[in-house]
Amino acid sequence: MRKDVLIIGGGATGAGIARDLALRGVDCLLLEMGDYCHGASGGNHGLLHSGARYVVKDPSSASECAAENVILKRIAPFCIEDTGGLFVSLPEDDAAFADIFVGSCRSAGVPVNELTPKEALASEPGLSPRLVRCLMLNDGSVDPFSLVQANVDDARAAGASIINHCAVTGMTVEDGKVSRVEVRDRRVLHTTISPEVVVNAAGAWVSEIAQMAGCNISMGLDQGSMLVLDGRHCCHVINRLRPPSNGDISVPNHTSTILGTTSRPASSPEDTTVLREDVDLLVRETSAMLPSLRDRRIIRTYGGVRPLLGGGGREASRSFAIFNDEGAENLISVAGGKLTTYRLMAEKVTDRVCGMLGASSKCRTHLESLGRPVGGKGGSISLTRLERKYGRKASSIDTSDPRVVCSCEQVLRSEVIAVMKAGDALTLADVMRRTRAGMGYCQGFDCALSVLEVMMEEKGIEPLPSLMEFLQERGRGLEQVTGDQLRQEMLRQYVLRGVYGLEGKE
Amino acid sequence: MSRALVIGDGAAGTFSSWLLSKRGWEVTLAGRGTPCASMSAGCLRAAPRECRPEVLEFLHHEKMPWATGVRVGVSRIGTSYRCWMSPKHSTWTDGEAPESMAVVGLEGHPSLPARVASAVLKQRGIRAEPIVLSSSVPSDVPLASSFHNDEAWEVLAEELEDSSAEAVLLPAIVPLQDYDRLDRLERRCGKRILEAITPLSSPGQRLTDIMLSKAREAGVTIWDGRKVTALEVHGNRVGEATVLGGREARNIAVDAVVIATGGPVVDGLNLKERAIEDPFGRFQVVGDGDPLKGGYAVSNGRLISSDGRVMANAAGAGDCLRSVGREYGSGLTQAFEGAYLAVRALEVA
């Protein structure tokens, strides 16, 4: 297969690059080893940064975030909730930090506005009455799955080829250039691709991919844990007004609230394991800001691995860099960055690629819309919900069929059918991710069979391996749950082992 | 007549109350009344020799409509389900598997996903074809609600006429008091009729349901949705129980108590490292001495309080007796055994 540009990695950055290249008329192919958002693009708390979080230590990242925040709210309003963010300090926090913070926001161009404690409690009644200062910023809540899918769909519409469940397994370097790339897809078909330029946007796997071409990229891999609480327990993104630390953030997202994060060195890109102590810490720290969080039901835990430039940890820069090694001059690697800055990263990489190919057209990704704003006023609730998940594609869903396959998230049967028609949802997990089926109390245990039954009708798949793969993935998120959700988990285990006889296979 | 209070309407509590009633006690059964609230709703997997002959004789004498022996059935996802006792239409005798099956599902209802189950059955070497019938039953309403009249069953029988399969796998649609409908359908179609095993219609759950109706027939007063919140203990006897139901709490005098409230986490579930003693809220014994918490001790079927007194008129049955190394699926056998011992202990007392 010949393509001008091969992009490796279907996270936000890779999908953004594919869209950017396609809009500039460059022939490109994107390969993703899992499903889109397989790495850190899926393993984050869905926070659209105002930039403020990094404003003191890392002002250049903060300015990048602030500019991209405005652009993303303009081009992808359907998957962003413009909640605003509150930064809250408590009596035990360093009082001097708040002043430094406000000064840094002003000099980095991050809009900030101070509320009195009374105003803060009026706009966010769940906040701790102990709060000392409260600043309002432009943080928002973003659905990364919808955002990346919209980039994928838009790139495809502009001519890009995008294939998920297809991994790069090796590269051949000849005369200082990558000449052949070996790939293997889910059905274990091998093939080779000979592109002009290879873009390595593999996130946490960027070093591994570069290594295939004999190039070294030093990355800090850093694990962060997050909790999903049932229900929305704040109206704004709530941040702690202190130097970035563990358990600082609470983000309302769809029907849930996401608490984050922690930071520890990760041993590999797959090292996402959430520890018991992470759960305790996140509940303790976030409930200092929002006391009611202490008693809420944790329906799931998950982790992600941040690919950070240079070292790891809280001190590492959240900025990004583009690498181009002499050993393989047509291989461009991009590393670091944030979900909020994915478009900017994609733009800079695409500029470089276009330079190498001698293409000259300009970036348009900050101008062209990915989907119109969700019609809040007067629109039906179901349509609003569908638009939030599917953007432009929402109108293709048959809302006249009232049958629901997932009662927690009220997912329609016709959503599953629409998602299957797109062709890139190969597994049960893929369908569940796109529709949000299984994101509620039962974690897909109840609705997985209904979704699978619809999938069997649309396309022949082997049900048992797909079911096992999905249940295994959900099971990982249930390892640290307690209380009511543990009871739910026990029922799940009882049914899996006792009724379905899947013991030991899971 | 002596008054007995049985706490817990899982398999052990239900069987205890039925046995006690048959032996002349005036029995009240208090429980949450929710299906699958208990782990015992699972299955009877253990070999016959582990079940006491007296228990089997009792069940036989009371004409339970069940088949025993090594039995094999089909779960709603098409995997095989092995057990030792089941309703006769849930399983076949090991080694007598049908070669072909028509799998009946109702479109949009999750009870039996026919396409999924057929695909899994095919992989197991059973020729299976899905028959998906149209349905207007909402997905959260049990199918039995639309199979309560002859007309619905006649439509089903007609649908099955064209199938050449040797057996038919149905979702769980028959109410237990109507179980002979399946016999009639079998005769009408000339095909073996089987019910898929689902979480809410597992052989263990159905066994418990049948026992509950037998207990009711035998005169047991069933208080479902009630919670026993306290037992008044004097010396080594329980005298009164506080029962909470709706908005009112009342005290009732009892001559004997069976505690069958469920208990420790099953070892096979591998949840131990989560440091969970017992996720099902425990009930406490109040009085002089420390409260008892999950994992009761017994001596000859009678409960031992945490300070070492053997309670004269309280017995424990089923999973509230901590058992180490218990296999998954042996819960019902233990429930029968525990209930039998508890009843005997109370009679001796």
# chains A, B, ... in the order shown; residues from 1 in each chain; ligands from 1
>>> closest_atom_pairs(of="chain B", to="chain A", cutoff="6 Å", atoms="only C-alpha atoms", output="Markdown table")
| residue | atom | partner | partner_atom | distance |
| --- | --- | --- | --- | --- |
| B:Ser75 | CA | A:Tyr500 | CA | 5.7 |
| B:Pro110 | CA | A:Ser450 | CA | 5.6 |
| B:Pro113 | CA | A:Glu453 | CA | 5.7 |
| B:Val116 | CA | A:Glu453 | CA | 5.8 |
>>> write_last_selection(atoms="C-alpha atoms", output="PDB file, in the first residue's frame")
ATOM      1  CA  SER B  75     -27.529 -20.474  30.025  1.00  0.00           C
ATOM      2  CA  PRO B 110     -33.038  -9.192  26.840  1.00  0.00           C
ATOM      3  CA  PRO B 113     -30.567 -13.132  23.247  1.00  0.00           C
ATOM      4  CA  VAL B 116     -25.912 -14.762  20.718  1.00  0.00           C
TER       5      VAL B 116
END
>>> residues_around(residues="Arg297 (chain A)", least_positions_apart="2", cutoff="10 Å", atoms="only C-alpha atoms", output="MDAnalysis selection string")
chainID A and resid 227:231 293:295 299:300 441 481:486
>>> residues_around(residues="Ala128 (chain B)", least_positions_apart="6", cutoff="10 Å", atoms="only C-alpha atoms", output="ChimeraX atom specification")
/B:78,99-103,114-115,117-122,165-169
>>> write_last_selection(atoms="N, CA, C and O atoms", output="mmCIF file, in the first residue's frame")
data_model
loop_
_atom_site.group_PDB
_atom_site.id
_atom_site.type_symbol
_atom_site.label_atom_id
_atom_site.label_comp_id
_atom_site.auth_asym_id
_atom_site.auth_seq_id
_atom_site.Cartn_x
_atom_site.Cartn_y
_atom_site.Cartn_z
ATOM 1 N N GLY B 78 -25.905 -19.254 25.993
ATOM 2 C CA GLY B 78 -25.565 -20.443 25.217
ATOM 3 C C GLY B 78 -24.492 -21.317 25.831
ATOM 4 O O GLY B 78 -24.190 -22.385 25.302
ATOM 5 N N GLU B 99 -29.321 -32.753 19.508
ATOM 6 C CA GLU B 99 -28.375 -32.438 18.432
ATOM 7 C C GLU B 99 -28.689 -31.098 17.796
ATOM 8 O O GLU B 99 -27.820 -30.453 17.226
ATOM 9 N N SER B 100 -29.962 -30.719 17.834
ATOM 10 C CA SER B 100 -30.327 -29.445 17.228
ATOM 11 C C SER B 100 -31.339 -28.722 18.104
ATOM 12 O O SER B 100 -32.133 -29.352 18.795
ATOM 13 N N MET B 101 -31.262 -27.409 18.044
ATOM 14 C CA MET B 101 -32.119 -26.598 18.905
ATOM 15 C C MET B 101 -32.632 -25.378 18.171
ATOM 16 O O MET B 101 -31.884 -24.736 17.445
ATOM 17 N N ALA B 102 -33.900 -25.062 18.386
ATOM 18 C CA ALA B 102 -34.420 -23.765 17.949
ATOM 19 C C ALA B 102 -34.370 -22.866 19.168
ATOM 20 O O ALA B 102 -34.869 -23.234 20.230
ATOM 21 N N VAL B 103 -33.724 -21.720 19.023
ATOM 22 C CA VAL B 103 -33.577 -20.812 20.167
ATOM 23 C C VAL B 103 -34.535 -19.643 19.978
ATOM 24 O O VAL B 103 -34.431 -18.898 19.003
ATOM 25 N N ALA B 114 -31.287 -14.542 21.416
ATOM 26 C CA ALA B 114 -31.304 -15.782 20.641
ATOM 27 C C ALA B 114 -30.137 -15.893 19.669
ATOM 28 O O ALA B 114 -29.590 -16.974 19.463
ATOM 29 N N ARG B 115 -29.736 -14.776 19.071
ATOM 30 C CA ARG B 115 -28.646 -14.850 18.090
ATOM 31 C C ARG B 115 -27.327 -15.148 18.788
ATOM 32 O O ARG B 115 -26.502 -15.907 18.301
ATOM 33 N N ALA B 117 -26.987 -16.681 21.788
ATOM 34 C CA ALA B 117 -27.019 -18.043 22.325
ATOM 35 C C ALA B 117 -26.820 -19.066 21.211
ATOM 36 O O ALA B 117 -26.092 -20.052 21.387
ATOM 37 N N SER B 118 -27.444 -18.841 20.045
ATOM 38 C CA SER B 118 -27.303 -19.801 18.941
ATOM 39 C C SER B 118 -25.859 -19.903 18.487
ATOM 40 O O SER B 118 -25.342 -20.994 18.240
ATOM 41 N N ALA B 119 -25.194 -18.750 18.373
ATOM 42 C CA ALA B 119 -23.810 -18.757 17.910
ATOM 43 C C ALA B 119 -22.921 -19.522 18.889
ATOM 44 O O ALA B 119 -22.033 -20.278 18.481
ATOM 45 N N VAL B 120 -23.177 -19.338 20.191
ATOM 46 C CA VAL B 120 -22.354 -20.040 21.189
ATOM 47 C C VAL B 120 -22.671 -21.540 21.174
ATOM 48 O O VAL B 120 -21.769 -22.375 21.255
ATOM 49 N N LEU B 121 -23.951 -21.889 21.036
ATOM 50 C CA LEU B 121 -24.331 -23.311 20.968
ATOM 51 C C LEU B 121 -23.676 -23.991 19.775
ATOM 52 O O LEU B 121 -23.201 -25.116 19.868
ATOM 53 N N LYS B 122 -23.634 -23.296 18.640
ATOM 54 C CA LYS B 122 -23.010 -23.875 17.436
ATOM 55 C C LYS B 122 -21.565 -24.216 17.704
ATOM 56 O O LYS B 122 -21.070 -25.247 17.263
ATOM 57 N N ALA B 165 -35.991 -28.556 14.384
ATOM 58 C CA ALA B 165 -35.070 -28.842 15.487
ATOM 59 C C ALA B 165 -35.647 -29.886 16.441
ATOM 60 O O ALA B 165 -36.865 -30.018 16.570
ATOM 61 N N GLU B 166 -34.738 -30.579 17.102
ATOM 62 C CA GLU B 166 -35.146 -31.640 18.016
ATOM 63 C C GLU B 166 -35.660 -31.043 19.341
ATOM 64 O O GLU B 166 -36.525 -31.614 19.995
ATOM 65 N N ALA B 167 -35.086 -29.898 19.695
ATOM 66 C CA ALA B 167 -35.475 -29.275 20.968
ATOM 67 C C ALA B 167 -35.687 -27.784 20.768
ATOM 68 O O ALA B 167 -35.191 -27.204 19.802
ATOM 69 N N VAL B 168 -36.399 -27.198 21.694
ATOM 70 C CA VAL B 168 -36.656 -25.757 21.643
ATOM 71 C C VAL B 168 -36.136 -25.135 22.942
ATOM 72 O O VAL B 168 -36.428 -25.637 24.029
ATOM 73 N N LEU B 169 -35.343 -24.075 22.810
ATOM 74 C CA LEU B 169 -34.879 -23.354 23.994
ATOM 75 C C LEU B 169 -35.703 -22.078 24.122
ATOM 76 O O LEU B 169 -35.710 -21.242 23.217
#
>>> residues_around(residues="region 25-34 of chain B", least_positions_apart="2", cutoff="10 Å", atoms="only C-alpha atoms", output="PyMOL selection string")
chain B and resi 1-10+13-14+16-23+36-38+212+215-216+218-228+243-245+254-258+260-261+347
>>> residues_around(residues="region 467-475 of chain A", least_positions_apart="6", cutoff="8 Å", atoms="only C-alpha atoms", output="PyMOL selection string")
chain A and resi 428-429+443-445+448-449+452+505-506
>>> select_by_dssp(residues="region 98-285 of chain A", states="strand (DSSP E or B)", output="PyMOL selection string")
chain A and resi 113-115+133-137+140-142+161-163+166-174+177-185+190-193+197-200+219-230+237-240+249-253+256-260+264-265
>>> residues_around(residues="Thr83 (chain A)", least_positions_apart="4", cutoff="10 Å", atoms="only C-alpha atoms", output="ChimeraX atom specification")
/A:48,137-142,234-238,251-252
>>> select_by_dssp(residues="region 121-270 of chain A", states="alpha helix (DSSP H)", output="list of chain:residue names")
A:Leu121, A:Ala122, A:Ser123, A:Pro144, A:Phe145, A:Ser146, A:Leu147, A:Val148, A:Gln149, A:Ala150, A:Asn151, A:Val152, A:Asp153, A:Asp154, A:Ala155, A:Arg156, A:Ala157, A:Val206, A:Ser207, A:Glu208, A:Ile209, A:Ala210, A:Gln211, A:Met212
>>> residues_around(residues="region 95-108 of chain A", least_positions_apart="6", cutoff="6 Å", atoms="only C-alpha atoms", output="VMD selection string")
chain A and resid 55 to 56 63
>>> closest_residue(among="B:Arg124, B:Asp94, B:Val298, B:Thr229", to="Glu248 (chain B)", atoms="only C-alpha atoms")
B:Thr229
